[in-house]
$ cat entry.txt   # compact mmCIF, C-alpha atoms and all ligand atoms
# COMPACT_ATOMS: atom_id res chain seq x y z
CA MET H 1 -6.52 -11.14 -26.40
CA TYR H 2 -9.85 -11.91 -24.71
CA LYS H 3 -11.98 -14.08 -26.98
CA LYS H 4 -15.51 -12.78 -26.77
CA LEU H 5 -17.88 -15.48 -25.58
CA ASP H 6 -21.62 -15.53 -26.11
CA ARG H 7 -23.31 -14.58 -22.83
CA ASN H 8 -25.11 -17.89 -22.60
CA GLU H 9 -22.07 -20.06 -23.33
CA PRO H 10 -20.42 -21.88 -20.42
CA CYS H 11 -17.84 -19.68 -18.72
CA TRP H 12 -14.19 -20.16 -19.74
CA CYS H 13 -13.19 -20.85 -16.12
CA GLY H 14 -14.83 -24.26 -16.14
CA CYS H 15 -17.22 -23.51 -13.26
CA GLY H 16 -20.18 -24.82 -15.30
CA LYS H 17 -22.12 -21.56 -15.01
CA LYS H 18 -23.12 -19.40 -17.96
CA TYR H 19 -20.55 -16.81 -18.98
CA LYS H 20 -22.92 -13.94 -18.10
CA LYS H 21 -23.30 -15.34 -14.57
CA CYS H 22 -19.57 -15.77 -14.06
CA HIS H 23 -16.60 -14.01 -15.70
CA GLU H 24 -18.38 -11.67 -18.14
CA ALA H 25 -18.22 -8.61 -15.89
CA PHE H 26 -14.63 -9.55 -14.95
CA ASP H 27 -13.59 -9.64 -18.61
CA GLU H 28 -15.33 -6.35 -19.35
CA LYS H 29 -13.53 -4.70 -16.47
CA LEU H 30 -10.14 -5.95 -17.68
CA ILE H 31 -10.80 -4.82 -21.24
CA ARG H 32 -11.71 -1.37 -19.91
CA LEU H 33 -8.50 -1.24 -17.85
CA GLU H 34 -6.46 -2.32 -20.86
CA HIS H 35 -7.93 0.55 -22.87
CA GLU H 36 -6.88 2.87 -20.06
CA GLY H 37 -3.30 1.66 -20.56
CA TYR H 38 -2.94 -0.94 -17.80
CA ILE H 39 -1.16 -4.26 -18.27
CA ILE H 40 -3.75 -6.98 -17.79
CA PRO H 41 -3.28 -10.71 -17.16
CA SER H 42 -4.05 -13.12 -19.97
CA ARG H 43 -6.81 -15.63 -19.25
CA ASP H 44 -4.44 -18.60 -18.98
CA ILE H 45 -2.77 -17.27 -15.82
CA ILE H 46 -6.07 -16.63 -14.00
CA LYS H 47 -6.59 -19.69 -11.80
CA THR H 48 -9.93 -21.49 -11.69
CA PRO H 49 -11.39 -22.78 -8.40
CA GLU H 50 -10.42 -26.37 -9.34
CA GLN H 51 -6.84 -25.38 -10.07
CA ILE H 52 -6.64 -23.41 -6.83
CA GLU H 53 -7.67 -26.46 -4.80
CA LYS H 54 -4.97 -28.57 -6.43
CA ILE H 55 -2.30 -25.92 -6.08
CA LYS H 56 -3.13 -25.68 -2.37
CA GLU H 57 -2.25 -29.37 -1.94
CA SER H 58 1.18 -28.62 -3.37
CA CYS H 59 1.49 -25.64 -1.02
CA LYS H 60 0.67 -27.80 1.98
CA ILE H 61 3.68 -29.98 1.22
CA ASN H 62 5.94 -26.98 0.69
CA ILE H 63 4.95 -25.53 4.06
CA GLU H 64 5.59 -28.85 5.80
CA VAL H 65 8.99 -29.18 4.17
CA LEU H 66 10.01 -25.74 5.40
CA ASP H 67 8.63 -26.53 8.87
CA TYR H 68 10.78 -29.67 8.81
CA VAL H 69 13.86 -27.65 7.83
CA ALA H 70 13.06 -25.18 10.64
CA GLU H 71 13.05 -28.01 13.19
CA HIS H 72 16.43 -29.36 12.12
CA ILE H 73 18.57 -26.50 10.85
CA LYS H 74 21.57 -25.72 13.07
CA ALA H 75 25.22 -24.73 13.12
CA GLY H 76 27.57 -27.48 11.95
CA MET H 77 25.22 -28.84 9.30
CA THR H 78 26.25 -28.64 5.66
CA THR H 79 24.01 -27.11 3.04
CA GLU H 80 24.03 -30.59 1.48
CA ASP H 81 22.39 -31.86 4.69
CA ILE H 82 19.58 -29.36 4.13
CA ASP H 83 19.22 -30.57 0.56
CA LYS H 84 18.80 -34.13 1.86
CA LEU H 85 16.16 -33.04 4.39
CA VAL H 86 14.21 -31.29 1.64
CA TYR H 87 14.48 -34.14 -0.84
CA GLU H 88 13.46 -36.75 1.72
CA LYS H 89 10.52 -34.84 3.19
CA THR H 90 9.17 -33.74 -0.19
CA THR H 91 9.32 -37.18 -1.78
CA GLN H 92 7.93 -38.87 1.36
CA MET H 93 4.85 -36.70 0.93
CA GLY H 94 4.52 -37.63 -2.72
CA GLY H 95 5.97 -34.43 -4.13
CA ILE H 96 8.95 -33.65 -6.34
CA PRO H 97 11.38 -30.86 -5.43
CA ALA H 98 10.72 -28.43 -8.28
CA PRO H 99 14.28 -27.06 -8.49
CA LEU H 100 15.81 -30.50 -9.17
CA ASN H 101 16.93 -30.46 -12.82
CA TYR H 102 15.04 -27.21 -13.41
CA GLU H 103 16.98 -25.56 -16.23
CA GLY H 104 19.95 -27.64 -15.21
CA TYR H 105 19.81 -26.78 -11.49
CA PRO H 106 21.52 -29.74 -9.76
CA LYS H 107 19.85 -29.81 -6.31
CA SER H 108 16.47 -29.90 -4.56
CA VAL H 109 16.58 -26.55 -2.77
CA CYS H 110 18.41 -23.23 -2.79
CA VAL H 111 20.37 -22.33 0.35
CA SER H 112 21.77 -18.80 0.39
CA ILE H 113 24.02 -17.57 3.19
CA ASP H 114 24.91 -13.96 4.09
CA ASP H 115 26.09 -12.18 0.89
CA VAL H 116 24.54 -14.86 -1.32
CA VAL H 117 21.37 -13.20 -2.61
CA CYS H 118 19.69 -16.34 -3.96
CA HIS H 119 20.20 -19.63 -5.83
CA GLY H 120 22.93 -20.91 -3.51
CA ILE H 121 23.64 -24.54 -4.49
CA PRO H 122 23.90 -26.98 -1.56
CA CYS H 123 27.22 -28.79 -1.23
CA ASP H 124 29.22 -30.91 1.23
CA GLU H 125 31.88 -28.25 1.81
CA GLU H 126 29.61 -25.46 3.00
CA ILE H 127 28.97 -25.61 6.74
CA LEU H 128 26.41 -23.46 8.57
CA GLN H 129 28.25 -21.28 11.07
CA ASP H 130 27.20 -19.49 14.20
CA GLY H 131 26.16 -15.97 13.12
CA ASP H 132 25.03 -16.87 9.58
CA ILE H 133 21.76 -15.66 8.11
CA VAL H 134 20.43 -18.34 5.80
CA ASN H 135 17.66 -18.36 3.24
CA VAL H 136 16.14 -21.77 2.46
CA ASP H 137 14.02 -21.60 -0.69
CA CYS H 138 11.75 -24.63 -1.27
CA SER H 139 9.54 -25.36 -4.23
CA THR H 140 7.31 -28.37 -4.75
CA GLU H 141 5.64 -30.02 -7.71
CA TYR H 142 2.68 -32.18 -6.69
CA LYS H 143 0.44 -33.87 -9.26
CA GLY H 144 1.64 -31.29 -11.78
CA TYR H 145 0.92 -28.23 -9.59
CA PHE H 146 3.58 -25.93 -8.19
CA SER H 147 4.31 -24.10 -4.95
CA ASP H 148 7.23 -21.95 -3.85
CA SER H 149 8.23 -20.19 -0.63
CA SER H 150 11.31 -19.38 1.40
CA ARG H 151 12.26 -18.40 4.92
CA MET H 152 15.26 -16.94 6.68
CA PHE H 153 16.99 -18.69 9.54
CA CYS H 154 19.36 -17.04 12.01
CA ILE H 155 22.04 -19.52 13.08
CA GLY H 156 23.09 -19.09 16.70
CA ASP H 157 24.33 -15.71 17.73
CA VAL H 158 23.62 -13.35 14.81
CA SER H 159 24.81 -9.71 14.86
CA PRO H 160 22.14 -7.06 15.52
CA GLU H 161 22.80 -5.62 12.05
CA LYS H 162 22.09 -8.86 10.23
CA ARG H 163 19.15 -9.65 12.49
CA LYS H 164 17.62 -6.29 11.65
CA LEU H 165 18.05 -6.97 7.92
CA VAL H 166 16.18 -10.27 8.34
CA GLU H 167 13.35 -8.62 10.29
CA VAL H 168 12.99 -5.61 7.99
CA THR H 169 12.89 -7.90 4.95
CA LYS H 170 10.09 -9.91 6.57
CA GLU H 171 8.20 -6.67 7.22
CA CYS H 172 8.78 -5.68 3.57
CA VAL H 173 6.83 -8.77 2.51
CA GLN H 174 4.05 -7.86 4.96
CA ARG H 175 3.88 -4.28 3.65
CA GLY H 176 3.68 -5.60 0.10
CA LEU H 177 1.01 -8.12 1.03
CA GLU H 178 -1.17 -5.37 2.48
CA LYS H 179 -1.28 -3.82 -1.01
CA VAL H 180 -2.61 -6.98 -2.63
CA LYS H 181 -6.22 -6.34 -3.55
CA PRO H 182 -8.32 -6.81 -6.64
CA TRP H 183 -7.81 -4.22 -9.39
CA ALA H 184 -4.76 -2.65 -7.72
CA THR H 185 -1.44 -3.13 -9.56
CA LEU H 186 1.68 -5.13 -8.82
CA GLY H 187 3.51 -1.80 -8.76
CA ASP H 188 1.47 -0.74 -5.71
CA MET H 189 2.86 -3.77 -3.90
CA ALA H 190 6.39 -3.19 -5.22
CA GLN H 191 6.52 0.42 -4.14
CA ALA H 192 5.40 -0.42 -0.58
CA ILE H 193 8.25 -2.94 -0.36
CA ASN H 194 10.90 -0.72 -1.88
CA ASP H 195 9.87 2.30 0.22
CA TYR H 196 10.14 0.35 3.46
CA ALA H 197 13.52 -1.15 2.52
CA LYS H 198 14.86 2.31 1.62
CA GLU H 199 13.51 3.85 4.83
CA ASN H 200 15.75 1.41 6.65
CA GLY H 201 18.77 2.25 4.52
CA TYR H 202 18.61 -0.96 2.46
CA SER H 203 18.24 -1.59 -1.26
CA VAL H 204 16.09 -4.01 -3.24
CA VAL H 205 17.56 -6.19 -5.99
CA ARG H 206 16.30 -5.12 -9.41
CA GLU H 207 17.27 -7.90 -11.82
CA ILE H 208 15.68 -10.82 -9.99
CA GLY H 209 12.10 -10.83 -8.82
CA GLY H 210 9.03 -12.92 -8.22
CA HIS H 211 6.78 -14.65 -10.66
CA GLY H 212 3.43 -16.12 -11.43
CA ILE H 213 3.13 -19.75 -10.31
CA GLY H 214 0.73 -22.68 -10.06
CA LEU H 215 0.50 -24.53 -13.33
CA GLU H 216 4.22 -23.96 -13.95
CA PHE H 217 7.12 -23.26 -11.59
CA HIS H 218 7.63 -19.86 -13.18
CA GLU H 219 4.79 -18.22 -15.10
CA ASP H 220 3.95 -14.69 -16.14
CA PRO H 221 4.06 -12.09 -14.76
CA PHE H 222 7.61 -11.20 -13.75
CA VAL H 223 7.12 -9.52 -10.36
CA SER H 224 9.38 -6.56 -9.68
CA TYR H 225 9.86 -5.04 -6.22
CA VAL H 226 11.31 -1.80 -7.51
CA SER H 227 8.51 -0.64 -9.82
CA LYS H 228 6.22 2.28 -9.06
CA ALA H 229 2.67 2.33 -7.71
CA GLY H 230 0.11 2.26 -10.49
CA THR H 231 2.42 0.41 -12.91
CA ASP H 232 2.82 -3.25 -13.87
CA MET H 233 0.07 -5.85 -14.08
CA VAL H 234 -3.41 -5.39 -12.69
CA MET H 235 -4.14 -7.77 -9.80
CA ALA H 236 -7.27 -9.46 -11.07
CA PRO H 237 -8.93 -12.02 -8.78
CA GLY H 238 -7.44 -15.43 -9.60
CA LEU H 239 -3.95 -14.03 -10.24
CA MET H 240 -1.37 -16.04 -8.29
CA PHE H 241 2.20 -14.94 -7.72
CA THR H 242 5.11 -14.84 -5.28
CA ILE H 243 6.22 -11.96 -3.08
CA GLU H 244 9.94 -12.53 -2.60
CA PRO H 245 11.99 -9.36 -2.43
CA MET H 246 15.75 -9.70 -2.09
CA VAL H 247 16.92 -6.93 0.22
CA ASN H 248 20.58 -5.96 0.47
CA ALA H 249 22.10 -4.19 3.46
CA GLY H 250 24.35 -2.30 1.01
CA LYS H 251 23.95 -1.51 -2.66
CA ALA H 252 21.43 -3.20 -4.95
CA ASP H 253 24.02 -4.50 -7.47
CA VAL H 254 24.48 -8.24 -7.80
CA PHE H 255 26.50 -10.66 -9.91
CA VAL H 256 26.21 -14.31 -10.88
CA ASP H 257 29.01 -16.76 -10.06
CA GLU H 258 30.85 -17.51 -13.30
CA ASP H 259 31.74 -21.06 -12.33
CA ASP H 260 28.32 -22.44 -11.46
CA ASP H 261 26.17 -19.93 -13.39
CA TRP H 262 23.60 -19.93 -10.55
CA THR H 263 24.80 -18.43 -7.29
CA VAL H 264 23.94 -14.72 -7.05
CA PHE H 265 26.10 -12.53 -4.79
CA THR H 266 25.88 -8.90 -3.71
CA GLN H 267 28.45 -6.88 -5.62
CA ASP H 268 29.67 -5.07 -2.49
CA GLY H 269 29.76 -8.17 -0.28
CA SER H 270 27.00 -6.84 2.00
CA PRO H 271 24.54 -9.34 3.47
CA SER H 272 21.23 -9.97 1.73
CA ALA H 273 17.94 -11.36 3.01
CA GLN H 274 14.81 -12.76 1.38
CA TRP H 275 11.48 -14.15 2.48
CA GLU H 276 9.05 -15.60 -0.04
CA ILE H 277 5.33 -16.17 0.15
CA MET H 278 2.87 -17.28 -2.49
CA VAL H 279 -0.40 -15.36 -2.75
CA LEU H 280 -3.72 -15.52 -4.54
CA VAL H 281 -5.71 -12.40 -5.36
CA THR H 282 -9.31 -12.97 -4.25
CA GLU H 283 -12.53 -10.98 -4.69
CA GLU H 284 -12.06 -9.63 -1.17
CA GLY H 285 -8.28 -9.15 -1.06
CA TYR H 286 -5.72 -11.93 -0.83
CA GLU H 287 -5.05 -15.38 0.45
CA VAL H 288 -1.55 -16.49 1.49
CA LEU H 289 -1.13 -20.00 0.08
CA CYS H 290 2.41 -20.78 1.08
CA TYR H 291 5.07 -19.31 3.38
N1 LIG O 301 12.82 -20.91 -5.79
C1 LIG O 301 13.31 -19.84 -6.63
C2 LIG O 301 12.21 -18.81 -6.76
O1 LIG O 301 11.76 -18.35 -5.78
C3 LIG O 301 13.69 -20.37 -7.97
C4 LIG O 301 14.88 -21.14 -7.94
S1 LIG O 301 15.19 -21.75 -9.49
C5 LIG O 301 16.25 -22.99 -9.12
O2 LIG O 301 11.76 -18.47 -7.80
F1 LIG O 301 16.40 -23.67 -10.17
F2 LIG O 301 17.35 -22.43 -8.68
F3 LIG O 301 15.74 -23.70 -8.17
CO CO O 302 9.83 -17.90 -6.31

$ encode --input "entry.txt" --output "structure tokens"
Amino acid sequence: MYKKLDRNEPCWCGCGKKYKKCHEAFDEKLIRLEHEGYIIPSRDIIKTPEQIEKIKESCKINIEVLDYVAEHIKAGMTTEDIDKLVYEKTTQMGGIPAPLNYEGYPKSVCVSIDDVVCHGIPCDEEILQDGDIVNVDCSTEYKGYFSDSSRMFCIGDVSPEKRKLVEVTKECVQRGLEKVKPWATLGDMAQAINDYAKENGYSVVREIGGHGIGLEFHEDPFVSYVSKAGTDMVMAPGLMFTIEPMVNAGKADVFVDEDDDWTVFTQDGSPSAQWEIMVLVTEEGYEVLCY
């Protein structure tokens, strides 16, 4: 999988340095880990410094779009109104909403209320009500680079139960983030998230997870939040992915709406929450690129 370069050749990452002065030790470490049975990232998903700079510009837009939603979201609005806010703000800043026409998705953003786990499609008929918990999931393409993050919003007077779900889910992301460090595994992060959700009596959705991102909207690896510590891909510096657990107040089971083929609901009708951040594994630990 890793093409062996001559030590004096320019490094594959495009930094201009010789291979031996740049990624040689990195590659040797990964090859050693692979021999020990770990899943290692392929070279094409390890981001170079130039790519990281460009991806950060995309992230900056995504953050501003979500800030803009945060300023305006309120009871009485339709989910279509949120779609308009996202489309207008993103395009004003020179970006393209990544969901629009992605695998046939018809809108610019996903808006998921209460027992909708994710991929809620904005429409004119759906009105935000006092007491709703709402996930707004924004993704931006800018100059060919991708960003993705989502936040929860509590509309008006939300029940203590739902508010707790929102807060615990946010803390799940934080617990997972604390496990992001070079040469740990994605499973270390997943287990921290799943353990904290379970401690609070909640369950984490299994079938849908996070993903690599940057050069594409969705890249390898698939990021589970129910896998065990020590399993799944090794977090090599330069790996970029989302942390976006979907946490259900009830059981973990979900189903997809048969009519639109997108909207995911909890099977038992219990509320579900999700926060999403985008992170980069660095030599020292992590960097949060988007939230
Ligand atoms: N933004 C979602 C994610 O976090 C993906 C939505 S795909 C779409 O991965 F087509 F529904 F937008
Ligand atoms: Co995502």

$ atom_distance --input "entry.txt" --atom1 "CA of Val279 (chain H)" --atom2 "CA of Val65 (chain H)"
18.1 Å

$ closest_residue --input "entry.txt" --among "H:Glu283, H:Asp148, H:Glu126, H:Glu171" --to "ligand CO 302 (chain O)" --atoms "only C-alpha atoms and all ligand atoms"
H:Asp148

$ residues_around --input "entry.txt" --residues "Lys179 (chain H)" --least-positions-apart "2" --cutoff "9 Å" --atoms "all atoms listed in the file" --output "list in words"
Gln174, Arg175, Gly176, Leu177, Lys181, Ala184, Thr185, Leu186, Asp188, Met189, Ala190, Ala192 and Gly285 of chain H

$ atom_distance --input "entry.txt" --atom1 "CA of Glu57 (chain H)" --atom2 "CA of Met93 (chain H)"
10.6 Å

$ atom_distance --input "entry.txt" --atom1 "CA of Tyr142 (chain H)" --atom2 "CA of Asp83 (chain H)"
18.1 Å

$ decode --input "entry.txt" --residues "region 69-80 of chain H" --atoms "N, CA, C and O atoms" --output "mmCIF file, in the first residue's frame"
data_model
loop_
_atom_site.group_PDB
_atom_site.id
_atom_site.type_symbol
_atom_site.label_atom_id
_atom_site.label_comp_id
_atom_site.auth_asym_id
_atom_site.auth_seq_id
_atom_site.Cartn_x
_atom_site.Cartn_y
_atom_site.Cartn_z
ATOM 1 N N VAL H 69 -27.147 31.004 11.494
ATOM 2 C CA VAL H 69 -28.355 30.252 11.854
ATOM 3 C C VAL H 69 -28.667 30.478 13.338
ATOM 4 O O VAL H 69 -29.817 30.730 13.718
ATOM 5 N N ALA H 70 -27.627 30.418 14.163
ATOM 6 C CA ALA H 70 -27.811 30.573 15.621
ATOM 7 C C ALA H 70 -28.451 31.922 15.960
ATOM 8 O O ALA H 70 -29.283 32.019 16.858
ATOM 9 N N GLU H 71 -28.070 32.952 15.213
ATOM 10 C CA GLU H 71 -28.627 34.292 15.465
ATOM 11 C C GLU H 71 -30.106 34.382 15.109
ATOM 12 O O GLU H 71 -30.835 35.187 15.689
ATOM 13 N N HIS H 72 -30.533 33.601 14.126
ATOM 14 C CA HIS H 72 -31.885 33.786 13.579
ATOM 15 C C HIS H 72 -32.907 32.729 13.952
ATOM 16 O O HIS H 72 -34.108 32.966 13.844
ATOM 17 N N ILE H 73 -32.442 31.559 14.358
ATOM 18 C CA ILE H 73 -33.382 30.449 14.559
ATOM 19 C C ILE H 73 -34.351 30.761 15.715
ATOM 20 O O ILE H 73 -33.940 31.247 16.762
ATOM 21 N N LYS H 74 -35.644 30.516 15.456
ATOM 22 C CA LYS H 74 -36.629 30.737 16.532
ATOM 23 C C LYS H 74 -37.957 30.045 16.213
ATOM 24 O O LYS H 74 -38.203 29.651 15.056
ATOM 25 N N ALA H 75 -38.774 29.892 17.236
ATOM 26 C CA ALA H 75 -40.080 29.271 17.061
ATOM 27 C C ALA H 75 -40.882 30.032 16.007
ATOM 28 O O ALA H 75 -40.757 31.254 15.885
ATOM 29 N N GLY H 76 -41.652 29.282 15.209
ATOM 30 C CA GLY H 76 -42.479 29.909 14.180
ATOM 31 C C GLY H 76 -41.838 29.888 12.802
ATOM 32 O O GLY H 76 -42.522 30.030 11.786
ATOM 33 N N MET H 77 -40.535 29.713 12.759
ATOM 34 C CA MET H 77 -39.848 29.598 11.467
ATOM 35 C C MET H 77 -40.124 28.220 10.873
ATOM 36 O O MET H 77 -40.310 27.263 11.626
ATOM 37 N N THR H 78 -40.071 28.110 9.567
ATOM 38 C CA THR H 78 -40.137 26.778 8.957
ATOM 39 C C THR H 78 -38.711 26.274 8.736
ATOM 40 O O THR H 78 -37.752 27.061 8.723
ATOM 41 N N THR H 79 -38.609 24.967 8.547
ATOM 42 C CA THR H 79 -37.272 24.423 8.261
ATOM 43 C C THR H 79 -36.791 24.920 6.888
ATOM 44 O O THR H 79 -35.599 25.068 6.661
ATOM 45 N N GLU H 80 -37.753 25.231 6.016
ATOM 46 C CA GLU H 80 -37.414 25.828 4.722
ATOM 47 C C GLU H 80 -36.738 27.192 4.912
ATOM 48 O O GLU H 80 -35.803 27.552 4.180
#
